[in-house]
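File shown here: structure-v4.cif, holding mmCIF, C-alpha atoms.
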data_input
#
loop_
_atom_site.label_atom_id
_atom_site.label_comp_id
_atom_site.auth_asym_id
_atom_site.auth_seq_id
_atom_site.Cartn_x
_atom_site.Cartn_y
_atom_site.Cartn_z
CA MET A 1 14.42 171.82 135.62
CA GLY A 2 15.01 175.11 137.44
CA LYS A 3 13.95 178.55 136.32
CA ARG A 4 16.51 180.65 134.54
CA ASN A 5 17.11 184.21 135.64
CA ALA A 6 16.85 186.24 132.43
CA ASP A 7 19.69 188.61 133.38
CA ARG A 8 22.06 185.77 133.99
CA GLU A 9 21.21 184.13 130.69
CA LEU A 10 21.69 187.43 128.85
CA VAL A 11 24.95 188.28 130.61
CA GLU A 12 26.39 184.88 129.73
CA ARG A 13 25.34 185.32 126.13
CA VAL A 14 27.06 188.69 125.94
CA GLN A 15 30.15 187.17 127.54
CA ASP A 16 30.06 184.48 124.88
CA GLY A 17 30.15 187.11 122.17
CA ASP A 18 26.44 187.76 121.46
CA LYS A 19 26.31 191.54 121.37
CA SER A 20 22.59 191.63 120.65
CA ALA A 21 21.85 190.10 124.07
CA PHE A 22 23.13 193.34 125.57
CA ASP A 23 20.35 195.20 123.74
CA LEU A 24 17.81 193.29 125.86
CA LEU A 25 19.61 194.28 129.05
CA VAL A 26 19.63 197.92 127.97
CA ARG A 27 15.93 197.84 127.09
CA LYS A 28 15.13 196.32 130.47
CA TYR A 29 17.16 198.75 132.60
CA GLN A 30 17.30 201.97 130.58
CA GLY A 31 14.49 203.60 132.57
CA LYS A 32 16.11 202.86 135.91
CA VAL A 33 19.55 203.98 134.75
CA VAL A 34 18.27 207.26 133.29
CA LYS A 35 16.40 208.02 136.52
CA LEU A 36 19.45 207.19 138.58
CA VAL A 37 21.79 209.31 136.49
CA SER A 38 19.29 212.20 136.54
CA ARG A 39 19.88 212.58 140.26
CA TYR A 40 23.38 213.81 139.51
CA VAL A 41 23.04 215.21 136.01
CA HIS A 42 20.06 217.51 135.84
CA ASP A 43 20.20 218.44 132.19
CA PRO A 44 17.94 215.85 130.48
CA SER A 45 19.95 215.48 127.28
CA GLU A 46 23.19 215.24 129.28
CA ALA A 47 21.57 212.60 131.47
CA LEU A 48 20.79 210.49 128.40
CA ASP A 49 24.41 210.84 127.21
CA VAL A 50 25.71 209.78 130.63
CA ALA A 51 23.29 206.85 130.73
CA GLN A 52 24.56 205.78 127.33
CA GLU A 53 28.14 206.06 128.56
CA ALA A 54 27.30 203.97 131.62
CA PHE A 55 25.88 201.19 129.45
CA ILE A 56 28.94 201.25 127.20
CA LYS A 57 31.24 201.06 130.24
CA ALA A 58 29.19 198.15 131.53
CA TYR A 59 29.51 196.38 128.20
CA ARG A 60 33.29 196.81 128.21
CA ALA A 61 33.52 195.55 131.79
CA LEU A 62 31.21 192.57 131.31
CA PRO A 63 34.01 190.03 130.77
CA SER A 64 35.05 190.62 134.38
CA PHE A 65 31.50 190.37 135.76
CA ARG A 66 31.39 187.05 137.58
CA GLY A 67 27.83 187.16 138.85
CA ASP A 68 28.74 187.51 142.53
CA SER A 69 26.08 190.22 142.75
CA ALA A 70 22.94 190.76 140.73
CA PHE A 71 23.57 192.33 137.34
CA TYR A 72 21.52 195.40 138.22
CA THR A 73 23.44 196.01 141.45
CA TRP A 74 26.63 195.97 139.41
CA LEU A 75 25.16 198.22 136.72
CA TYR A 76 23.90 200.58 139.42
CA ARG A 77 27.45 201.14 140.73
CA ILE A 78 28.79 201.75 137.25
CA SER A 79 25.98 204.24 136.55
CA ILE A 80 26.55 206.14 139.80
CA ASN A 81 30.30 206.37 139.19
CA THR A 82 29.83 207.47 135.60
CA ALA A 83 27.41 210.20 136.64
CA LYS A 84 29.67 211.43 139.45
CA ASN A 85 32.71 211.48 137.17
CA HIS A 86 30.71 213.44 134.63
CA VAL A 87 29.78 216.05 137.23
CA VAL A 88 33.37 216.30 138.48
CA ALA A 89 34.69 216.64 134.93
CA LEU A 90 32.41 219.63 134.45
CA GLY A 91 33.85 221.21 137.56
CA ARG A 92 30.70 220.85 139.58
CA GLN A 93 30.33 219.36 143.02
CA PRO A 94 28.74 215.91 142.87
CA VAL A 95 25.52 215.61 144.82
CA ASN A 96 26.11 213.60 147.94
CA SER A 97 23.08 211.42 148.10
CA GLU A 98 22.61 209.24 151.13
CA SER A 99 20.75 206.64 149.12
CA GLU A 100 23.80 205.99 146.95
CA ILE A 101 25.38 204.04 149.74
CA GLY A 102 22.16 202.18 150.36
CA ASP A 103 20.47 199.34 148.61
CA SER A 104 20.24 199.82 144.85
CA GLU A 105 16.69 198.48 144.93
CA HIS A 106 15.51 201.40 147.04
CA PHE A 107 16.78 204.40 145.16
CA ASP A 108 13.54 205.14 143.36
CA ILE A 109 11.77 206.80 146.27
CA ASN A 110 14.45 209.48 146.67
CA ASN A 111 14.86 209.63 142.96
CA ARG A 112 11.33 210.88 142.35
CA LEU A 113 12.00 213.88 144.57
CA GLN A 114 15.11 214.98 142.72
CA GLU A 115 14.81 214.12 139.07
CA VAL A 116 14.47 216.85 136.53
CA ASP A 117 12.53 216.23 133.35
CA THR A 118 11.70 218.01 130.13
CA PRO A 119 8.09 218.91 129.38
CA GLU A 120 8.16 216.45 126.46
CA GLY A 121 9.60 213.71 128.62
CA MET A 122 7.05 214.34 131.35
CA ALA A 123 4.24 214.35 128.80
CA LEU A 124 5.28 211.03 127.30
CA THR A 125 5.83 209.50 130.75
CA GLY A 126 2.33 210.59 131.71
CA GLU A 127 0.86 209.21 128.52
CA ILE A 128 2.54 205.85 129.01
CA GLN A 129 1.19 205.58 132.54
CA ASP A 130 -2.31 206.67 131.52
CA THR A 131 -2.36 204.22 128.63
CA VAL A 132 -1.26 201.31 130.79
CA LEU A 133 -3.72 202.14 133.58
CA ARG A 134 -6.63 202.54 131.16
CA ALA A 135 -5.77 199.26 129.46
CA ILE A 136 -5.63 197.49 132.82
CA GLU A 137 -9.00 198.86 133.85
CA ALA A 138 -10.45 197.44 130.65
CA LEU A 139 -9.10 193.95 131.32
CA PRO A 140 -11.36 191.11 132.50
CA GLU A 141 -11.16 190.63 136.25
CA ASP A 142 -9.03 187.45 136.17
CA LEU A 143 -6.40 189.00 133.88
CA ARG A 144 -6.33 192.23 135.87
CA THR A 145 -5.85 190.39 139.16
CA ALA A 146 -3.06 188.24 137.73
CA ILE A 147 -1.07 191.18 136.36
CA MET A 148 -1.51 193.23 139.54
CA LEU A 149 -0.37 190.36 141.76
CA ARG A 150 2.65 189.83 139.54
CA GLU A 151 3.76 193.40 138.90
CA LEU A 152 2.72 195.14 142.11
CA GLU A 153 2.98 192.36 144.67
CA GLY A 154 5.91 190.60 142.99
CA MET A 155 4.30 187.19 143.44
CA SER A 156 5.70 184.12 141.68
CA TYR A 157 3.48 182.07 139.36
CA GLU A 158 3.14 179.46 142.09
CA GLU A 159 1.97 182.05 144.60
CA ILE A 160 -0.49 183.57 142.13
CA SER A 161 -1.87 180.12 141.31
CA GLN A 162 -2.56 179.58 145.01
CA ALA A 163 -4.05 183.05 145.47
CA MET A 164 -6.30 182.67 142.42
CA ASP A 165 -6.92 178.95 142.93
CA CYS A 166 -5.93 177.93 139.41
CA PRO A 167 -3.08 175.97 137.77
CA VAL A 168 0.28 177.62 137.13
CA GLY A 169 -0.27 177.17 133.38
CA THR A 170 -3.42 179.28 133.65
CA VAL A 171 -1.49 181.99 135.48
CA ARG A 172 1.08 182.03 132.70
CA SER A 173 -1.67 182.36 130.06
CA ARG A 174 -3.51 185.08 131.98
CA LEU A 175 -0.37 187.14 132.38
CA PHE A 176 0.45 186.82 128.72
CA ARG A 177 -3.07 187.77 127.63
CA ALA A 178 -3.04 190.75 129.98
CA ARG A 179 0.29 191.96 128.65
CA GLU A 180 -0.74 191.35 125.06
CA SER A 181 -3.86 193.45 125.53
CA ILE A 182 -2.00 196.33 127.24
CA ASP A 183 0.80 196.08 124.71
CA ASN A 184 -1.63 196.66 121.83
CA GLN A 185 -2.47 200.02 123.36
CA LEU A 186 1.16 200.87 124.08
CA LYS A 187 2.27 200.07 120.54
CA GLU A 188 -0.19 202.64 119.19
CA LEU A 189 1.27 205.25 121.52
CA LEU A 190 4.96 204.49 120.94
CA ASP A 191 4.99 203.68 117.22
CA MET B 1 4.33 181.27 115.97
CA SER B 2 4.91 184.91 116.98
CA GLU B 3 2.26 184.64 119.69
CA ASN B 4 4.00 181.60 121.08
CA ILE B 5 7.29 183.49 121.26
CA ASP B 6 5.59 186.50 122.85
CA LYS B 7 4.06 184.17 125.44
CA GLN B 8 7.49 182.80 126.26
CA ILE B 9 8.88 186.34 126.46
CA SER B 10 6.13 187.15 128.98
CA ALA B 11 7.22 184.24 131.18
CA TRP B 12 10.88 185.14 130.69
CA VAL B 13 10.22 188.72 131.82
CA ASP B 14 8.82 187.19 135.02
CA GLY B 15 11.80 184.87 135.47
CA GLU B 16 9.43 181.92 135.16
CA LEU B 17 10.79 180.25 132.06
CA PRO B 18 12.54 176.90 132.59
CA GLU B 19 16.29 177.10 132.05
CA ARG B 20 16.40 175.18 128.79
CA GLN B 21 13.52 177.14 127.27
CA ALA B 22 15.13 180.40 128.36
CA ARG B 23 18.35 179.43 126.63
CA GLU B 24 16.53 178.45 123.46
CA LEU B 25 14.43 181.61 123.51
CA ALA B 26 17.48 183.83 124.01
CA GLN B 27 19.06 182.17 121.00
CA ARG B 28 15.88 182.48 118.96
CA VAL B 29 15.19 186.17 119.60
CA SER B 30 18.85 187.16 119.40
CA GLN B 31 18.52 189.09 116.13
CA ASP B 32 14.74 189.61 116.14
CA ARG B 33 13.91 193.30 116.59
CA HIS B 34 10.20 192.61 117.01
CA SER B 35 10.94 190.40 120.01
CA HIS B 36 13.36 192.93 121.49
CA LEU B 37 10.68 195.63 121.32
CA THR B 38 8.08 193.29 122.81
CA TRP B 39 10.47 192.53 125.67
CA GLU B 40 10.99 196.27 126.23
CA ARG B 41 7.27 197.06 126.28
CA TYR B 42 6.49 194.15 128.62
CA HIS B 43 9.00 195.61 131.06
CA LEU B 44 7.58 199.07 130.47
CA ILE B 45 4.11 197.83 131.51
CA GLY B 46 5.48 196.77 134.89
CA ASP B 47 7.41 200.02 135.25
CA ALA B 48 4.29 202.07 134.44
CA LEU B 49 2.23 200.14 136.99
CA ARG B 50 4.82 200.86 139.66
CA GLY B 51 5.10 204.51 138.60
CA ASP B 52 8.62 203.98 137.25
CA ALA B 53 7.97 204.47 133.52
CA ASP B 54 10.17 207.07 131.89
CA GLY B 55 9.31 208.59 128.52
CA ARG B 56 12.80 210.03 128.05
CA THR B 57 14.37 206.68 127.29
CA ALA B 58 12.77 206.31 123.86
CA GLY B 59 15.56 205.48 121.42
CA LEU B 60 18.27 205.10 124.08
CA ALA B 61 18.79 201.39 123.44
CA ASP B 62 19.23 202.03 119.72
CA ARG B 63 21.78 204.74 120.48
CA VAL B 64 23.71 202.46 122.83
CA MET B 65 23.76 199.61 120.34
CA ALA B 66 24.83 201.92 117.53
CA ALA B 67 27.73 203.10 119.69
CA LEU B 68 28.61 199.49 120.49
CA GLU B 69 28.87 198.69 116.79
CA ARG B 70 32.30 200.30 116.96
CA GLU B 71 33.26 198.34 120.08
CA PRO B 72 35.10 195.03 119.86
CA THR B 73 32.99 192.08 120.92
CA VAL B 74 33.62 191.23 124.56
CA LEU B 75 34.46 187.72 125.56
CA ARG B 76 34.87 186.40 129.08
CA PRO B 77 38.02 184.51 130.02
CA ARG B 78 37.75 180.79 129.50
CA ARG B 79 36.11 179.08 132.42
CA ARG B 80 38.23 176.83 134.54
CA ARG B 81 36.87 173.33 134.71
CA ARG B 82 35.13 172.70 137.97
CA VAL B 83 36.90 170.31 140.30
CA GLY B 84 34.71 167.27 140.84
CA PRO B 85 34.45 165.29 144.06
CA VAL B 86 36.93 162.65 142.91
CA ALA B 87 39.50 165.27 141.98
CA GLY B 88 38.84 166.96 145.32
CA LEU B 89 39.58 163.72 147.18
CA ALA B 90 42.73 163.24 145.15
CA ALA B 91 43.89 166.74 146.08
CA ALA B 92 43.12 166.09 149.74
CA ALA B 93 45.08 162.82 149.60
CA ALA B 94 48.05 164.61 148.06
CA VAL B 95 47.99 167.23 150.82
CA ALA B 96 47.79 164.49 153.45
CA ALA B 97 50.74 162.69 151.90
CA VAL B 98 52.80 165.87 151.98
CA ALA B 99 51.83 166.35 155.63
CA VAL B 100 52.98 162.82 156.51
CA VAL B 101 56.31 163.30 154.77
CA GLY B 102 56.75 166.60 156.54
CA VAL B 103 56.01 165.15 159.95
CA LEU B 104 58.30 162.21 159.37
CA SER B 105 61.16 164.37 158.18
CA LEU B 106 60.86 166.49 161.30
CA THR B 107 60.93 163.42 163.50
CA GLY B 108 64.00 161.99 161.82
CA GLY B 109 62.79 159.22 159.55
CA GLY B 110 60.33 158.05 156.97
CA PRO B 111 58.32 154.97 156.31
CA GLY B 112 60.83 153.78 153.75
CA ALA B 113 63.94 154.85 155.59
CA ASP B 114 64.97 151.31 156.40
CA GLY B 115 63.83 149.88 153.10
CA ALA B 116 60.49 148.59 154.39
CA GLY B 117 57.32 149.87 152.76
CA PRO B 118 54.59 151.43 154.85
CA ALA B 119 52.34 148.42 154.38
CA SER B 120 54.84 146.18 156.12
CA ARG B 121 54.95 148.22 159.28
CA THR B 122 52.55 148.62 162.11
CA VAL B 123 52.60 150.93 165.06
CA ALA B 124 53.53 148.04 167.34
CA GLN B 125 56.62 147.23 165.28
CA VAL B 126 58.00 150.73 165.31
CA GLN B 127 60.94 151.29 167.60
CA PRO B 128 61.02 154.47 169.64
CA VAL B 129 63.14 157.15 168.06
CA ARG B 130 65.38 159.14 170.27
CA SER B 131 65.40 162.90 169.91
CA ARG B 132 68.49 163.99 168.01
CA SER B 133 68.25 167.61 168.81
CA GLY B 134 67.97 169.33 172.07
CA THR B 135 67.42 172.97 171.07
CA ARG B 136 64.51 174.83 172.56
CA MET B 137 63.11 175.74 169.17
CA GLU B 138 62.98 172.16 168.00
CA GLN B 139 61.41 171.10 171.24
CA ALA B 140 58.72 173.76 170.82
CA VAL B 141 58.01 172.61 167.27
CA ARG B 142 57.88 169.04 168.45
CA ASP B 143 55.42 169.96 171.21
CA GLN B 144 53.20 171.70 168.70
CA LEU B 145 53.30 168.71 166.41
CA ARG B 146 52.44 166.42 169.27
CA VAL B 147 49.35 168.46 170.04
CA TYR B 148 48.48 168.63 166.37
CA VAL B 149 48.79 164.89 165.80
CA ALA B 150 46.90 164.12 169.00
CA ASP B 151 44.07 166.39 167.88
CA HIS B 152 44.15 164.91 164.43
CA ASN B 153 43.91 161.36 165.74
CA GLN B 154 41.11 162.35 168.06
CA GLN B 155 39.20 163.66 165.05
CA LEU B 156 39.87 160.44 163.19
CA ALA B 157 38.57 158.45 166.13
CA VAL B 158 35.39 160.51 166.16
CA SER B 159 34.88 160.11 162.42
CA GLY B 160 35.69 156.39 162.58
CA SER B 161 38.47 156.67 160.01
CA ASN B 162 41.85 154.99 160.28
CA GLY B 163 43.45 157.80 158.33
CA MET B 164 47.24 157.83 158.33
CA LEU B 165 47.69 156.32 161.77
CA PRO B 166 49.38 153.06 160.66
CA TYR B 167 52.07 155.03 158.83
CA VAL B 168 52.94 157.58 161.48
CA ARG B 169 55.80 156.90 163.84
CA MET B 170 53.76 157.58 166.93
CA ALA B 171 56.53 156.53 169.30
CA ASP B 172 58.34 159.78 168.62
CA PHE B 173 55.60 161.77 170.18
CA GLU B 174 55.62 160.01 173.47
CA ALA B 175 57.67 161.54 176.20
CA THR B 176 61.15 160.29 175.51
CA PRO B 177 63.81 160.65 178.14
CA ARG B 178 66.66 162.78 176.87
CA HIS B 179 69.36 161.07 178.83
CA LYS B 180 69.51 157.59 179.97
#
How would this structure read if it were set down as structure tokens?
Amino acid sequence: MGKRNADRELVERVQDGDKSAFDLLVRKYQGKVVKLVSRYVHDPSEALDVAQEAFIKAYRALPSFRGDSAFYTWLYRISINTAKNHVVALGRQPVNSESEIGDSEHFDINNRLQEVDTPEGMALTGEIQDTVLRAIEALPEDLRTAIMLRELEGMSYEEISQAMDCPVGTVRSRLFRARESIDNQLKELLD
Amino acid sequence: MSENIDKQISAWVDGELPERQARELAQRVSQDRHSHLTWERYHLIGDALRGDADGRTAGLADRVMAALEREPTVLRPRRRRRVGPVAGLAAAAAVAAVAVVGVLSLTGGGPGADGAGPASRTVAQVQPVRSRSGTRMEQAVRDQLRVYVADHNQQLAVSGSNGMLPYVRMADFEATPRHK
């Protein structure tokens, strides 16, 4: 049986009336959407409001989403339009970013140059990154390699199993144990 | 139990959960806040590794879902049933039948025009049909049809199919003298 793209499963559940499935989509993409919106809306609290509005617009429009493009590509367009409309409504000139007409997967590089953050937000972002990196350094070699290949190289389980010369089931277990270990550290920070 | 679900969430985050398990897991964690937070942190780990983590988003999902409480539940339009191969063939046959009727009406007759069914006729038995109209427009249409039918029959010959050939009054498409 084939693998199931999580976004597709969640989108279909929302379209079938399961509102809570949308919560998982928000939790997955909230970071990307906030960063994207922040390129147009520089006030951090305004950016969060606009991100929230973008998600609500996406929820309302989901019945018409047919899956012709990836869910994130679709959400990206909604977020951009919401941010630009917000700027126009305030009587400001929307920033004309060349990356907005480009591939939605590649916006992050430009984004880092333009985003504006609060000291608190920057502090928490830094703490999250430090916590994750420290936890990864403390992992056994096999778990560390598995999570790096997956998250940084984007390898599939099959590719990791070949690279690490172990069964796919072992890859799955290693990735879970790595995440579980890092997650224990993150929970302490975020709770 | 919880560890097993977390392990499945880990594979789901990676898009490596088999379809059926993914569907069951989505159903299972639907109302489970613990699982939703686990899912969020597992994604956050990847984001942090790639330098994409953002501390400002804390609480955003809760805000969005609270706002959506007031929204009506969305539902997609009912799916149309997919047309299977048999239904597709039936549709193609219907289109072909319409095409035959159209061609025959343009050429001045039909397979049942003289009371005989199509199965009782063969190409050899068909008498040539004289053109009833001499206008340029009709001649042009007839020429186009001739080319079309010739092409069509050539395709049938290539594909090895008999197609509609026995039922078409081919004699009409041969050069017919206008005046004897």
Evaluating the PyMOL selection byres ((chain A and resi 179-184) around 7) on the displayed file yields which residues, as a PDB file with C-alpha atoms, in the frame of the given file?
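Output file expr-v8.pdb follows:
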ATOM      1  CA  VAL A 132      -1.260 201.310 130.790  1.00  0.00           C
ATOM      2  CA  ALA A 135      -5.770 199.260 129.460  1.00  0.00           C
ATOM      3  CA  ILE A 136      -5.630 197.490 132.820  1.00  0.00           C
ATOM      4  CA  LEU A 175      -0.370 187.140 132.380  1.00  0.00           C
ATOM      5  CA  PHE A 176       0.450 186.820 128.720  1.00  0.00           C
ATOM      6  CA  ARG A 177      -3.070 187.770 127.630  1.00  0.00           C
ATOM      7  CA  ALA A 178      -3.040 190.750 129.980  1.00  0.00           C
ATOM      8  CA  GLN A 185      -2.470 200.020 123.360  1.00  0.00           C
ATOM      9  CA  LEU A 186       1.160 200.870 124.080  1.00  0.00           C
ATOM     10  CA  LYS A 187       2.270 200.070 120.540  1.00  0.00           C
ATOM     11  CA  GLU A 188      -0.190 202.640 119.190  1.00  0.00           C
TER      12      GLU A 188
ATOM     13  CA  ARG B  41       7.270 197.060 126.280  1.00  0.00           C
ATOM     14  CA  TYR B  42       6.490 194.150 128.620  1.00  0.00           C
TER      15      TYR B  42
END
What is the distance, in Å and to one decimal place, between CA of Asp191 in chain A and CA of Gly31 in chain A?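 Interatomic distance, CA of Asp191 in chain A to CA of Gly31 in chain A: 18.1 Å.
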Check every residue of chain B for an atom within 6 Å of chain A, counting only C-alpha atoms, and provide those that qualify as a PyMOL selection string. chain B and resi 7+10+15-19+30+40+46+48+54-56+61+64+73-76
Would you save the residues of that selection, restricted to C-alpha atoms, as a PDB file, keeping the file's coordinate frame?
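Output saved as out.pdb:
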ATOM      1  CA  LYS B   7       4.060 184.170 125.440  1.00  0.00           C
ATOM      2  CA  SER B  10       6.130 187.150 128.980  1.00  0.00           C
ATOM      3  CA  GLY B  15      11.800 184.870 135.470  1.00  0.00           C
ATOM      4  CA  GLU B  16       9.430 181.920 135.160  1.00  0.00           C
ATOM      5  CA  LEU B  17      10.790 180.250 132.060  1.00  0.00           C
ATOM      6  CA  PRO B  18      12.540 176.900 132.590  1.00  0.00           C
ATOM      7  CA  GLU B  19      16.290 177.100 132.050  1.00  0.00           C
ATOM      8  CA  SER B  30      18.850 187.160 119.400  1.00  0.00           C
ATOM      9  CA  GLU B  40      10.990 196.270 126.230  1.00  0.00           C
ATOM     10  CA  GLY B  46       5.480 196.770 134.890  1.00  0.00           C
ATOM     11  CA  ALA B  48       4.290 202.070 134.440  1.00  0.00           C
ATOM     12  CA  ASP B  54      10.170 207.070 131.890  1.00  0.00           C
ATOM     13  CA  GLY B  55       9.310 208.590 128.520  1.00  0.00           C
ATOM     14  CA  ARG B  56      12.800 210.030 128.050  1.00  0.00           C
ATOM     15  CA  ALA B  61      18.790 201.390 123.440  1.00  0.00           C
ATOM     16  CA  VAL B  64      23.710 202.460 122.830  1.00  0.00           C
ATOM     17  CA  THR B  73      32.990 192.080 120.920  1.00  0.00           C
ATOM     18  CA  VAL B  74      33.620 191.230 124.560  1.00  0.00           C
ATOM     19  CA  LEU B  75      34.460 187.720 125.560  1.00  0.00           C
ATOM     20  CA  ARG B  76      34.870 186.400 129.080  1.00  0.00           C
TER      21      ARG B  76
END
Provide the CA of Ile9 in chain B to CA of His34 in chain B distance in Å, to one decimal place.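 Distance between the two atoms: 11.4 Å.
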The PyMOL selection byres ((chain A and resi 87) around 12) on the file shown: which residues, as a PDB file with C-alpha atoms, keeping the file's coordinate frame?
ATOM      1  CA  VAL A  37      21.790 209.310 136.490  1.00  0.00           C
ATOM      2  CA  SER A  38      19.290 212.200 136.540  1.00  0.00           C
ATOM      3  CA  ARG A  39      19.880 212.580 140.260  1.00  0.00           C
ATOM      4  CA  TYR A  40      23.380 213.810 139.510  1.00  0.00           C
ATOM      5  CA  VAL A  41      23.040 215.210 136.010  1.00  0.00           C
ATOM      6  CA  HIS A  42      20.060 217.510 135.840  1.00  0.00           C
ATOM      7  CA  ASP A  43      20.200 218.440 132.190  1.00  0.00           C
ATOM      8  CA  GLU A  46      23.190 215.240 129.280  1.00  0.00           C
ATOM      9  CA  ALA A  47      21.570 212.600 131.470  1.00  0.00           C
ATOM     10  CA  VAL A  50      25.710 209.780 130.630  1.00  0.00           C
ATOM     11  CA  ILE A  80      26.550 206.140 139.800  1.00  0.00           C
ATOM     12  CA  ASN A  81      30.300 206.370 139.190  1.00  0.00           C
ATOM     13  CA  THR A  82      29.830 207.470 135.600  1.00  0.00           C
ATOM     14  CA  ALA A  83      27.410 210.200 136.640  1.00  0.00           C
ATOM     15  CA  LYS A  84      29.670 211.430 139.450  1.00  0.00           C
ATOM     16  CA  ASN A  85      32.710 211.480 137.170  1.00  0.00           C
ATOM     17  CA  HIS A  86      30.710 213.440 134.630  1.00  0.00           C
ATOM     18  CA  VAL A  88      33.370 216.300 138.480  1.00  0.00           C
ATOM     19  CA  ALA A  89      34.690 216.640 134.930  1.00  0.00           C
ATOM     20  CA  LEU A  90      32.410 219.630 134.450  1.00  0.00           C
ATOM     21  CA  GLY A  91      33.850 221.210 137.560  1.00  0.00           C
ATOM     22  CA  ARG A  92      30.700 220.850 139.580  1.00  0.00           C
ATOM     23  CA  GLN A  93      30.330 219.360 143.020  1.00  0.00           C
ATOM     24  CA  PRO A  94      28.740 215.910 142.870  1.00  0.00           C
ATOM     25  CA  VAL A  95      25.520 215.610 144.820  1.00  0.00           C
ATOM     26  CA  ASN A  96      26.110 213.600 147.940  1.00  0.00           C
TER      27      ASN A  96
END
Between CA of Ala22 in chain B and CA of Arg8 in chain A, what is the distance in Å, rounded to a tenth?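 These two atoms are separated by 10.4 Å.
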